[in-house]
$ cat final-v2.cif   # mmCIF, C-alpha atoms and all ligand atoms
data_model
loop_
_atom_site.label_atom_id
_atom_site.label_comp_id
_atom_site.auth_asym_id
_atom_site.auth_seq_id
_atom_site.Cartn_x
_atom_site.Cartn_y
_atom_site.Cartn_z
CA MET X 1 -35.29 57.09 91.71
CA THR X 2 -33.03 54.11 91.10
CA GLU X 3 -29.52 55.52 91.60
CA ASP X 4 -29.27 53.96 95.07
CA ARG X 5 -30.28 50.57 93.67
CA PHE X 6 -27.50 48.14 93.05
CA ALA X 7 -28.61 44.78 91.71
CA LEU X 8 -26.75 41.52 91.62
CA VAL X 9 -27.97 39.29 88.79
CA THR X 10 -26.84 35.67 88.73
CA GLY X 11 -27.10 33.78 85.44
CA ALA X 12 -26.53 36.94 83.36
CA THR X 13 -24.69 35.00 80.66
CA GLY X 14 -27.96 33.10 80.10
CA PHE X 15 -31.06 34.09 78.17
CA THR X 16 -33.23 35.44 81.00
CA GLY X 17 -30.50 36.81 83.23
CA GLY X 18 -28.95 38.70 80.30
CA HIS X 19 -32.25 40.38 79.41
CA LEU X 20 -32.93 41.21 83.05
CA ALA X 21 -29.46 42.66 83.70
CA ARG X 22 -29.75 44.95 80.67
CA ARG X 23 -33.28 46.03 81.58
CA LEU X 24 -32.22 46.90 85.13
CA ARG X 25 -29.33 48.92 83.69
CA ALA X 26 -31.75 50.73 81.43
CA TYR X 27 -33.87 51.55 84.48
CA GLY X 28 -30.85 53.19 86.11
CA TYR X 29 -29.79 50.41 88.45
CA ARG X 30 -26.13 49.81 89.02
CA VAL X 31 -25.81 46.14 88.00
CA ARG X 32 -23.34 43.45 88.90
CA ALA X 33 -23.37 40.08 87.13
CA MET X 34 -21.89 37.03 88.76
CA VAL X 35 -20.67 34.75 85.97
CA ARG X 36 -18.72 31.53 85.80
CA ASP X 37 -16.86 32.52 82.66
CA PRO X 38 -15.86 36.18 82.25
CA GLY X 39 -14.98 35.32 78.62
CA ALA X 40 -18.64 34.46 77.96
CA ALA X 41 -19.68 37.72 79.60
CA ALA X 42 -17.21 39.61 77.39
CA ALA X 43 -18.60 37.89 74.29
CA LEU X 44 -22.05 39.08 75.31
CA ALA X 45 -20.72 42.63 75.80
CA LEU X 46 -22.22 42.85 79.28
CA ALA X 47 -19.45 45.15 80.50
CA ALA X 48 -19.88 47.34 77.42
CA ASP X 49 -23.45 47.85 78.59
CA GLY X 50 -22.17 49.10 81.94
CA ILE X 51 -22.62 45.84 83.83
CA GLU X 52 -19.96 45.01 86.39
CA ILE X 53 -18.66 41.44 86.08
CA VAL X 54 -17.56 39.27 88.97
CA LYS X 55 -16.45 35.69 88.56
CA GLY X 56 -18.14 33.05 90.67
CA ASP X 57 -19.93 29.75 90.78
CA ALA X 58 -23.41 29.65 92.30
CA ALA X 59 -22.50 26.54 94.27
CA ASP X 60 -19.64 28.41 96.00
CA GLY X 61 -20.80 30.20 99.15
CA GLN X 62 -17.76 32.49 99.37
CA ALA X 63 -18.09 33.53 95.73
CA ILE X 64 -21.74 34.36 96.35
CA GLU X 65 -20.92 36.39 99.42
CA ASN X 66 -18.31 38.38 97.48
CA ALA X 67 -20.85 39.05 94.75
CA VAL X 68 -23.65 40.03 97.13
CA GLN X 69 -21.54 42.47 99.14
CA GLY X 70 -22.61 46.08 98.57
CA THR X 71 -25.76 45.29 96.60
CA SER X 72 -29.30 46.33 97.54
CA HIS X 73 -31.20 43.88 95.31
CA VAL X 74 -30.44 40.28 94.33
CA PHE X 75 -32.04 38.55 91.35
CA HIS X 76 -31.13 34.88 91.46
CA ILE X 77 -31.62 33.59 87.93
CA ALA X 78 -28.73 31.11 87.53
CA ALA X 79 -29.65 27.45 87.30
CA VAL X 80 -28.52 24.21 85.76
CA TYR X 81 -31.26 23.82 83.23
CA ARG X 82 -30.47 23.27 79.57
CA SER X 83 -27.77 20.61 79.87
CA ALA X 84 -28.44 17.07 81.07
CA ASN X 85 -24.98 15.54 81.48
CA HIS X 86 -24.71 16.09 85.21
CA PRO X 87 -25.01 13.86 88.25
CA ASP X 88 -28.09 14.65 90.36
CA SER X 89 -25.87 16.17 93.05
CA HIS X 90 -24.86 18.96 90.67
CA TYR X 91 -28.48 20.07 90.16
CA PHE X 92 -28.93 20.30 93.92
CA ALA X 93 -25.59 22.07 94.48
CA VAL X 94 -26.53 24.80 92.01
CA ASN X 95 -30.34 24.99 92.07
CA ARG X 96 -30.81 24.44 95.81
CA ASP X 97 -27.63 25.16 97.77
CA SER X 98 -27.00 28.48 95.99
CA VAL X 99 -30.27 29.76 97.49
CA GLY X 100 -29.05 29.05 101.01
CA HIS X 101 -25.73 30.78 100.25
CA LEU X 102 -27.54 33.79 98.85
CA LEU X 103 -29.93 34.14 101.76
CA ALA X 104 -27.10 33.97 104.28
CA ALA X 105 -25.03 36.53 102.37
CA ALA X 106 -28.02 38.81 101.82
CA GLN X 107 -28.85 38.81 105.52
CA LYS X 108 -25.24 39.48 106.48
CA HIS X 109 -24.90 42.39 104.06
CA GLY X 110 -28.34 43.94 104.52
CA VAL X 111 -29.74 43.33 101.03
CA ARG X 112 -33.14 45.03 100.74
CA ARG X 113 -34.86 42.75 98.23
CA ILE X 114 -34.24 39.22 96.92
CA VAL X 115 -36.02 37.81 93.90
CA HIS X 116 -35.60 34.09 93.47
CA CYS X 117 -36.32 32.50 90.11
CA SER X 118 -38.04 29.15 90.50
CA THR X 119 -40.10 27.44 87.78
CA CYS X 120 -43.71 26.54 87.02
CA GLY X 121 -42.17 23.06 86.72
CA VAL X 122 -42.42 22.67 90.51
CA HIS X 123 -46.08 21.87 89.72
CA GLY X 124 -45.01 19.23 87.18
CA ASP X 125 -47.72 17.73 85.01
CA VAL X 126 -50.75 19.78 86.03
CA ALA X 127 -53.98 17.81 86.45
CA GLU X 128 -56.46 20.70 86.58
CA ILE X 129 -55.89 23.76 84.44
CA PRO X 130 -55.27 26.56 84.87
CA ALA X 131 -53.15 25.84 87.91
CA ASN X 132 -52.27 28.61 90.34
CA GLU X 133 -49.72 29.25 93.09
CA GLU X 134 -51.65 27.02 95.49
CA THR X 135 -51.66 23.99 93.19
CA ALA X 136 -49.83 21.02 94.70
CA PHE X 137 -46.15 20.48 93.97
CA ASN X 138 -45.49 17.59 91.62
CA PRO X 139 -41.93 17.84 90.27
CA GLY X 140 -41.29 15.22 87.62
CA ASP X 141 -37.51 15.14 87.13
CA VAL X 142 -34.27 16.00 88.89
CA TYR X 143 -34.21 19.57 87.55
CA GLN X 144 -37.72 20.24 88.87
CA ARG X 145 -36.98 18.52 92.18
CA SER X 146 -33.83 20.60 92.66
CA LYS X 147 -35.69 23.82 91.74
CA LEU X 148 -38.39 22.93 94.26
CA ALA X 149 -35.71 22.30 96.90
CA GLY X 150 -34.27 25.76 96.14
CA GLU X 151 -37.72 27.29 96.38
CA MET X 152 -38.29 25.59 99.74
CA LEU X 153 -35.13 27.26 101.06
CA ALA X 154 -36.42 30.60 99.76
CA ARG X 155 -39.71 29.94 101.57
CA GLU X 156 -37.82 29.18 104.76
CA GLY X 157 -36.11 32.54 104.29
CA ILE X 158 -39.50 34.22 103.96
CA ALA X 159 -40.73 32.49 107.12
CA ALA X 160 -37.66 33.84 108.91
CA GLY X 161 -38.47 37.38 107.73
CA ALA X 162 -36.17 37.72 104.70
CA PRO X 163 -37.46 40.15 102.00
CA VAL X 164 -37.79 37.44 99.36
CA SER X 165 -40.16 37.13 96.38
CA ILE X 166 -40.38 33.93 94.38
CA VAL X 167 -41.10 33.87 90.64
CA ARG X 168 -42.24 30.73 88.83
CA PRO X 169 -41.90 31.47 85.11
CA THR X 170 -43.72 29.45 82.46
CA GLY X 171 -41.82 28.40 79.27
CA ILE X 172 -39.63 31.40 78.41
CA TYR X 173 -39.13 32.47 74.80
CA GLY X 174 -38.16 35.48 72.72
CA PRO X 175 -35.14 36.97 70.95
CA GLY X 176 -31.97 35.52 72.43
CA ASP X 177 -33.47 32.12 73.24
CA THR X 178 -32.43 29.01 71.37
CA ARG X 179 -34.48 26.43 73.29
CA PHE X 180 -37.38 26.78 70.86
CA LEU X 181 -35.14 27.12 67.79
CA LYS X 182 -35.33 23.43 66.91
CA LEU X 183 -39.12 23.65 66.94
CA PHE X 184 -39.06 26.63 64.56
CA LYS X 185 -36.45 25.00 62.31
CA THR X 186 -38.21 21.65 62.00
CA ILE X 187 -41.57 23.31 61.36
CA GLU X 188 -39.96 25.47 58.69
CA ASN X 189 -38.20 22.59 56.94
CA ARG X 190 -41.33 20.42 57.36
CA SER X 191 -39.56 17.69 59.31
CA PHE X 192 -41.53 18.37 62.52
CA ARG X 193 -43.53 15.45 63.90
CA MET X 194 -45.83 15.84 66.89
CA PHE X 195 -45.20 13.12 69.45
CA GLY X 196 -48.51 12.16 71.03
CA SER X 197 -51.80 13.95 70.47
CA GLY X 198 -50.50 17.52 70.83
CA ASP X 199 -53.67 18.33 72.79
CA ILE X 200 -51.64 18.93 75.92
CA ALA X 201 -51.72 22.49 77.35
CA TYR X 202 -48.63 24.67 77.06
CA HIS X 203 -47.97 28.10 78.57
CA MET X 204 -45.35 30.47 77.18
CA SER X 205 -43.79 33.50 78.81
CA TYR X 206 -42.47 36.23 76.52
CA ILE X 207 -39.11 37.43 77.82
CA ASP X 208 -40.01 41.13 78.10
CA ASP X 209 -43.14 40.32 80.09
CA LEU X 210 -41.21 38.02 82.39
CA VAL X 211 -38.54 40.65 82.97
CA GLN X 212 -41.32 43.10 83.87
CA GLY X 213 -42.48 40.53 86.42
CA PHE X 214 -39.00 40.22 87.93
CA VAL X 215 -38.61 43.99 88.22
CA LEU X 216 -42.04 44.32 89.86
CA CYS X 217 -41.10 41.58 92.31
CA GLY X 218 -37.93 43.47 93.16
CA GLU X 219 -39.70 46.79 93.67
CA HIS X 220 -43.34 46.42 94.63
CA PRO X 221 -43.88 46.43 98.40
CA ARG X 222 -46.64 43.84 98.12
CA ALA X 223 -44.32 41.36 96.43
CA ILE X 224 -42.35 40.70 99.60
CA GLY X 225 -42.95 37.23 100.97
CA GLU X 226 -45.05 36.22 97.96
CA THR X 227 -44.78 33.64 95.20
CA PHE X 228 -45.98 34.43 91.68
CA LEU X 229 -46.55 32.42 88.55
CA ILE X 230 -45.44 34.69 85.73
CA GLY X 231 -46.27 34.04 82.09
CA SER X 232 -48.30 35.22 79.14
CA ASP X 233 -51.93 36.18 79.50
CA SER X 234 -53.20 32.92 78.08
CA TYR X 235 -52.04 29.43 77.32
CA THR X 236 -52.46 27.24 74.28
CA THR X 237 -51.95 23.60 73.33
CA LEU X 238 -48.88 22.13 71.68
CA ASN X 239 -50.94 21.80 68.49
CA GLY X 240 -51.94 25.46 68.81
CA LEU X 241 -48.33 26.54 69.36
CA VAL X 242 -47.10 24.56 66.35
CA GLN X 243 -49.86 25.99 64.15
CA GLU X 244 -49.04 29.56 65.21
CA ILE X 245 -45.35 29.01 64.46
CA ALA X 246 -46.22 27.55 61.06
CA GLN X 247 -48.32 30.64 60.28
CA VAL X 248 -45.53 32.97 61.41
CA LEU X 249 -43.07 31.08 59.18
CA ASP X 250 -45.60 30.96 56.35
CA VAL X 251 -45.47 27.17 55.94
CA PRO X 252 -48.31 24.61 56.07
CA PRO X 253 -49.04 23.36 59.61
CA PRO X 254 -47.50 19.95 60.35
CA ARG X 255 -50.09 17.18 60.58
CA LEU X 256 -48.15 14.00 61.35
CA HIS X 257 -48.44 12.53 64.85
CA ILE X 258 -46.18 9.76 66.18
CA PRO X 259 -46.56 7.69 69.37
CA VAL X 260 -44.40 9.10 72.15
CA ALA X 261 -43.34 5.82 73.82
CA PRO X 262 -40.51 4.96 71.36
CA LEU X 263 -39.11 8.49 71.70
CA MET X 264 -39.07 8.16 75.48
CA ALA X 265 -37.29 4.80 75.18
CA ALA X 266 -34.68 6.35 72.88
CA ALA X 267 -34.21 9.27 75.32
CA THR X 268 -33.70 6.87 78.23
CA LEU X 269 -31.10 4.97 76.21
CA CYS X 270 -29.34 8.20 75.20
CA GLU X 271 -29.05 9.31 78.82
CA TYR X 272 -27.85 5.85 79.86
CA VAL X 273 -25.04 5.93 77.28
CA CYS X 274 -24.05 9.61 77.40
CA LYS X 275 -24.21 10.55 81.09
CA PRO X 276 -21.42 8.26 82.36
CA LEU X 277 -19.21 9.67 79.59
CA GLY X 278 -20.02 13.26 80.61
CA ILE X 279 -21.61 13.90 77.21
CA ASP X 280 -24.72 16.08 77.03
CA PRO X 281 -27.30 13.62 75.62
CA PRO X 282 -28.76 14.88 72.32
CA LEU X 283 -32.11 13.51 73.49
CA HIS X 284 -33.19 13.14 77.10
CA ARG X 285 -36.38 12.40 79.03
CA ARG X 286 -36.89 15.99 80.16
CA ARG X 287 -36.91 17.06 76.52
CA VAL X 288 -39.44 14.37 75.63
CA SER X 289 -41.66 15.41 78.53
CA PHE X 290 -42.30 18.62 76.56
CA PHE X 291 -44.83 16.52 74.64
CA LEU X 292 -46.39 14.97 77.74
CA LYS X 293 -46.80 17.42 80.60
CA ALA X 294 -49.75 19.80 80.83
CA ARG X 295 -48.66 23.32 81.76
CA ALA X 296 -51.30 26.01 82.00
CA PHE X 297 -51.41 28.61 84.73
CA SER X 298 -53.24 31.65 85.98
CA VAL X 299 -51.17 34.84 86.34
CA GLU X 300 -54.03 36.57 88.16
CA LYS X 301 -52.24 36.80 91.50
CA ALA X 302 -49.37 38.80 89.99
CA ARG X 303 -51.87 40.98 88.13
CA GLN X 304 -53.94 41.71 91.22
CA LEU X 305 -51.19 42.10 93.77
CA ILE X 306 -48.33 43.83 91.95
CA GLY X 307 -49.89 45.09 88.71
CA PHE X 308 -48.20 42.59 86.39
CA GLU X 309 -49.59 43.11 82.89
CA PRO X 310 -48.28 40.88 80.10
CA SER X 311 -48.29 42.93 76.92
CA VAL X 312 -47.01 40.62 74.18
CA ASP X 313 -49.45 38.04 72.83
CA LEU X 314 -48.33 34.70 71.44
CA ARG X 315 -48.45 35.75 67.79
CA GLN X 316 -46.43 38.93 68.40
CA GLY X 317 -43.93 37.08 70.55
CA LEU X 318 -43.45 34.31 67.99
CA GLU X 319 -43.03 36.89 65.21
CA ARG X 320 -40.37 38.75 67.17
CA THR X 321 -38.62 35.47 67.96
CA ALA X 322 -38.70 34.35 64.31
CA GLU X 323 -37.36 37.74 63.28
CA TRP X 324 -34.42 37.35 65.62
CA TYR X 325 -33.77 33.79 64.36
CA ARG X 326 -33.76 35.19 60.81
CA GLU X 327 -31.38 38.00 61.75
CA MET X 328 -29.06 35.42 63.27
CA GLY X 329 -29.26 33.32 60.10
CA TYR X 330 -30.82 30.41 62.00
CA LEU X 331 -33.81 30.01 59.69
CA ARG X 332 -33.86 29.16 56.02
CA SER X 333 -36.24 32.00 55.27
CA TYR X 334 -33.30 34.28 56.05
CA ALA X 335 -31.18 32.52 53.43
CA ARG X 336 -34.01 32.74 50.88
CA LYS X 337 -34.50 36.44 51.62
CA ALA X 338 -30.78 37.12 51.45
CA ALA X 339 -30.47 35.29 48.13
CA ALA X 340 -33.47 37.09 46.61
N1 LIG X 401 -36.25 28.69 79.98
C1 LIG X 401 -37.42 28.36 80.51
O1 LIG X 401 -38.37 28.04 79.79
C2 LIG X 401 -37.62 28.39 82.01
C3 LIG X 401 -38.89 28.13 82.53
C4 LIG X 401 -39.10 28.22 83.91
C5 LIG X 401 -38.06 28.59 84.74
N2 LIG X 401 -36.83 28.82 84.21
C6 LIG X 401 -35.77 29.28 85.12
O2 LIG X 401 -35.39 30.56 84.63
C7 LIG X 401 -34.01 30.79 84.90
C8 LIG X 401 -33.32 31.22 83.62
O3 LIG X 401 -33.52 30.24 82.63
P1 LIG X 401 -32.83 30.42 81.20
O4 LIG X 401 -33.61 29.62 80.27
O5 LIG X 401 -32.60 31.86 80.93
O6 LIG X 401 -31.45 29.70 81.50
P2 LIG X 401 -30.08 29.68 80.70
O7 LIG X 401 -30.15 30.50 79.45
O8 LIG X 401 -29.69 28.25 80.59
O9 LIG X 401 -29.10 30.42 81.71
C9 LIG X 401 -28.70 29.81 82.89
C10 LIG X 401 -27.65 30.68 83.54
O10 LIG X 401 -27.25 30.06 84.75
C11 LIG X 401 -25.84 30.06 84.79
N3 LIG X 401 -25.31 28.96 85.60
C12 LIG X 401 -25.49 27.63 85.43
N4 LIG X 401 -24.80 26.95 86.35
C13 LIG X 401 -24.17 27.89 87.12
C14 LIG X 401 -23.30 27.82 88.23
N5 LIG X 401 -22.92 26.65 88.74
N6 LIG X 401 -22.85 28.98 88.75
C15 LIG X 401 -23.21 30.18 88.24
N7 LIG X 401 -24.02 30.31 87.17
C16 LIG X 401 -24.49 29.17 86.63
C17 LIG X 401 -25.41 29.91 83.36
O11 LIG X 401 -24.07 30.31 83.24
P3 LIG X 401 -23.07 29.76 82.08
O12 LIG X 401 -23.26 30.76 80.95
O13 LIG X 401 -21.74 29.82 82.70
O14 LIG X 401 -23.53 28.38 81.73
C18 LIG X 401 -26.38 30.87 82.69
O15 LIG X 401 -25.92 32.19 82.82
C19 LIG X 401 -33.50 29.52 85.54
O16 LIG X 401 -33.51 29.71 86.94
C20 LIG X 401 -34.50 28.46 85.13
O17 LIG X 401 -34.56 27.43 86.11
C21 LIG X 401 -36.58 28.72 82.87
#
$ encode --input "final-v2.cif" --output "structure tokens"
Amino acid sequence: MTEDRFALVTGATGFTGGHLARRLRAYGYRVRAMVRDPGAAAALALAADGIEIVKGDAADGQAIENAVQGTSHVFHIAAVYRSANHPDSHYFAVNRDSVGHLLAAAQKHGVRRIVHCSTCGVHGDVAEIPANEETAFNPGDVYQRSKLAGEMLAREGIAAGAPVSIVRPTGIYGPGDTRFLKLFKTIENRSFRMFGSGDIAYHMSYIDDLVQGFVLCGEHPRAIGETFLIGSDSYTTLNGLVQEIAQVLDVPPPRLHIPVAPLMAAATLCEYVCKPLGIDPPLHRRRVSFFLKARAFSVEKARQLIGFEPSVDLRQGLERTAEWYREMGYLRSYARKAAA
């Protein structure tokens, strides 16, 4: 069924793109990964898994065209996301302009399907929950604004007849991710402090479920021209998330709450000092906004239209994530187990 399917995956050295590239391979797709650093791809053994590697930067139109050539499907996952030591122009060059380059190359080379990865963050701090695909845009920082700008280009492509689907993932987690590691670590070593009330809604997306959503968007005829919020079946609160993690790690739930304003001030100062020096600030406002922005969404549209069915609940997902952290030696419980 899939032998004529040749997928380009951007961002395959990252958490989501790496999982997606391997899943597509497992489904019988021929897969090409466009990466900035072939050394990083080698370290991740992408080629060993049968994934073709091409070097290229997402902001470089010619590199994108070279990577797109010959493919039938494009999954655009690359983004500037985790680091914060960039000028605003860099976010737009990668998160917006790459979409224009991809659409032009895809049209020129007759790509059959394009799946563009946006973010639920285009909705920003959601006033009424659960939000859905029609909820107003409200990006709250440069990353979210640049992702929205990229999504707008993808929507222009749709309006012009391009076979594009847009995915807005909620907070992605699972084995291979390190964004939530600090949360796990500080809960385990009991140094975690909740900034603010912790009553704010939070919506996770387990990596395998999200990858299922991407694949459906690349294959299902009804996905063309549509935008989907993709995430777990249900959302929780930050307090709920922290309590679940504490149970998974078998430690008492953290109880201490601290006002968020001083943390935000420290983050602003950190960015002010670090950014001009090109240093990734250890604390920045986007990180602090984790404690402030309500994120809770309905995934009903994806369920109804393309048969998306998240299958990993929060507890299972957190257990699998903790297990991977232990295997990697990231959590103390690994050290205790190993010493026992
Ligand atoms: N993580 C979340 O909770 C979340 C939530 C909603 C949406 N998203 C979106 O989901 C996607 C994947 O997120 P993730 O967490 O898996 O990200 P990630 O692990 O940080 O991976 C990002 C990938 O993008 C690549 N990249 C960055 N700048 C690039 C450039 N100029 N040219 C080519 N590649 C570049 C990185 O390559 P290098 O290895 O070379 O750095 C890496 O492979 C992104 O589009 C993000 O906006 C993420």
$ closest_atom_pairs --input "final-v2.cif" --of "segment 179-264 of chain X" --to "segment 291-313 of chain X" --cutoff "9 Å" --atoms "all atoms listed in the file" --output "CSV"
residue,atom,partner,partner_atom,distance
X:Met194,CA,X:Phe291,CA,7.8
X:Phe195,CA,X:Phe291,CA,6.2
X:Gly196,CA,X:Phe291,CA,6.8
X:Ser197,CA,X:Phe291,CA,8.5
X:Gly198,CA,X:Phe291,CA,6.9
X:Ile200,CA,X:Ala294,CA,5.3
X:Ala201,CA,X:Ala294,CA,4.8
X:Tyr202,CA,X:Arg295,CA,4.9
X:His203,CA,X:Ala296,CA,5.2
X:Met204,CA,X:Ala296,CA,8.9
X:Ser205,CA,X:Pro310,CA,8.7
X:Tyr206,CA,X:Val312,CA,6.7
X:Asp208,CA,X:Val312,CA,8.0
X:Asp209,CA,X:Pro310,CA,5.2
X:Leu210,CA,X:Pro310,CA,8.0
X:Gln212,CA,X:Phe308,CA,7.3
X:Gly213,CA,X:Phe308,CA,6.1
X:Leu216,CA,X:Ile306,CA,6.6
X:Cys217,CA,X:Ile306,CA,7.6
X:His220,CA,X:Ile306,CA,6.2
X:Pro221,CA,X:Ile306,CA,8.3
X:Arg222,CA,X:Ile306,CA,6.4
X:Ala223,CA,X:Ile306,CA,6.5
X:Thr227,CA,X:Ala302,CA,8.7
X:Phe228,CA,X:Ala302,CA,5.8
X:Leu229,CA,X:Val299,CA,5.7
X:Ile230,CA,X:Val299,CA,5.8
X:Gly231,CA,X:Val299,CA,6.5
X:Ser232,CA,X:Pro310,CA,5.7
X:Asp233,CA,X:Pro310,CA,6.0
X:Ser234,CA,X:Ser298,CA,8.0
X:Tyr235,CA,X:Ala296,CA,5.8
X:Thr236,CA,X:Ala296,CA,7.9
X:Thr237,CA,X:Ala294,CA,8.7
X:Leu238,CA,X:Phe291,CA,7.5
X:Val260,CA,X:Phe291,CA,7.8
$ residues_near_ligand --input "final-v2.cif" --ligand "ligand LIG 401 (chain X)" --cutoff "6 Å" --atoms "all atoms listed in the file" --output "PyMOL selection string"
chain X and resi 11-17+35-37+57-59+77-82+94+117-120+169-172
$ residues_around --input "final-v2.cif" --residues "Ala47 of chain X" --least-positions-apart "2" --cutoff "12 Å" --atoms "all atoms listed in the file" --output "list in words"
Ala12, Thr13, Gly18, Ala21, Arg22, Arg25, Arg30, Val31, Arg32, Ala33, Met34, Val35, Pro38, Gly39, Ala40, Ala41, Ala42, Ala43, Leu44, Ala45, Asp49, Gly50, Ile51, Glu52, Ile53 and Val54 of chain X
$ write_last_selection --input "final-v2.cif" --atoms "C-alpha atoms" --output "PDB file, in the coordinates of the input"
ATOM      1  CA  ALA X  12     -26.530  36.940  83.360  1.00  0.00           C
ATOM      2  CA  THR X  13     -24.690  35.000  80.660  1.00  0.00           C
ATOM      3  CA  GLY X  18     -28.950  38.700  80.300  1.00  0.00           C
ATOM      4  CA  ALA X  21     -29.460  42.660  83.700  1.00  0.00           C
ATOM      5  CA  ARG X  22     -29.750  44.950  80.670  1.00  0.00           C
ATOM      6  CA  ARG X  25     -29.330  48.920  83.690  1.00  0.00           C
ATOM      7  CA  ARG X  30     -26.130  49.810  89.020  1.00  0.00           C
ATOM      8  CA  VAL X  31     -25.810  46.140  88.000  1.00  0.00           C
ATOM      9  CA  ARG X  32     -23.340  43.450  88.900  1.00  0.00           C
ATOM     10  CA  ALA X  33     -23.370  40.080  87.130  1.00  0.00           C
ATOM     11  CA  MET X  34     -21.890  37.030  88.760  1.00  0.00           C
ATOM     12  CA  VAL X  35     -20.670  34.750  85.970  1.00  0.00           C
ATOM     13  CA  PRO X  38     -15.860  36.180  82.250  1.00  0.00           C
ATOM     14  CA  GLY X  39     -14.980  35.320  78.620  1.00  0.00           C
ATOM     15  CA  ALA X  40     -18.640  34.460  77.960  1.00  0.00           C
ATOM     16  CA  ALA X  41     -19.680  37.720  79.600  1.00  0.00           C
ATOM     17  CA  ALA X  42     -17.210  39.610  77.390  1.00  0.00           C
ATOM     18  CA  ALA X  43     -18.600  37.890  74.290  1.00  0.00           C
ATOM     19  CA  LEU X  44     -22.050  39.080  75.310  1.00  0.00           C
ATOM     20  CA  ALA X  45     -20.720  42.630  75.800  1.00  0.00           C
ATOM     21  CA  ASP X  49     -23.450  47.850  78.590  1.00  0.00           C
ATOM     22  CA  GLY X  50     -22.170  49.100  81.940  1.00  0.00           C
ATOM     23  CA  ILE X  51     -22.620  45.840  83.830  1.00  0.00           C
ATOM     24  CA  GLU X  52     -19.960  45.010  86.390  1.00  0.00           C
ATOM     25  CA  ILE X  53     -18.660  41.440  86.080  1.00  0.00           C
ATOM     26  CA  VAL X  54     -17.560  39.270  88.970  1.00  0.00           C
TER      27      VAL X  54
END
$ residues_near_point --input "final-v2.cif" --point "(-34.9, 25.1, 94.6)" --cutoff "10 Å" --atoms "all atoms listed in the file" --output "PyMOL selection string"
chain X and resi 79+91-100+116-119+122+143-155
$ closest_residue --input "final-v2.cif" --among "X:Gly218, X:Gly225, X:Pro262, X:Gly140" --to "His123 of chain X" --atoms "only C-alpha atoms"
X:Gly140
$ closest_residue --input "final-v2.cif" --among "X:Leu249, X:Ile258, X:Met264, X:Val288" --to "Arg332 of chain X" --atoms "only C-alpha atoms"
X:Leu249
$ residues_near_point --input "final-v2.cif" --point "(-33.1, 23.6, 66.3)" --cutoff "12 Å" --atoms "all atoms listed in the file" --output "ChimeraX atom specification"
/X:177-189,191-192,282,325,330-332
$ axis_aligned_box --input "final-v2.cif" --around "segment 131-139 of chain X" --padding-each-side "8 Å" --output "lines of an AutoDock Vina configuration file"
center_x = -47.5
center_y = 23.4
center_z = 91.7
size_x = 27.2
size_y = 27.7
size_z = 23.6
$ residues_around --input "final-v2.cif" --residues "segment 319-323 of chain X" --least-positions-apart "3" --cutoff "7 Å" --atoms "all atoms listed in the file" --output "count of residues only"
7
$ atom_distance --input "final-v2.cif" --atom1 "atom CA of Ile129 of chain X" --atom2 "atom CA of Gln247 of chain X"
26.2 Å
$ residues_around --input "final-v2.cif" --residues "Pro253 of chain X" --least-positions-apart "4" --cutoff "9 Å" --atoms "only C-alpha atoms" --output "PyMOL selection string"
chain X and resi 187+190+242-247
$ atom_distance --input "final-v2.cif" --atom1 "atom CA of Ile207 of chain X" --atom2 "atom CA of Gly124 of chain X"
21.3 Å
$ atom_distance --input "final-v2.cif" --atom1 "atom CA of Leu318 of chain X" --atom2 "atom CA of His284 of chain X"
25.2 Å
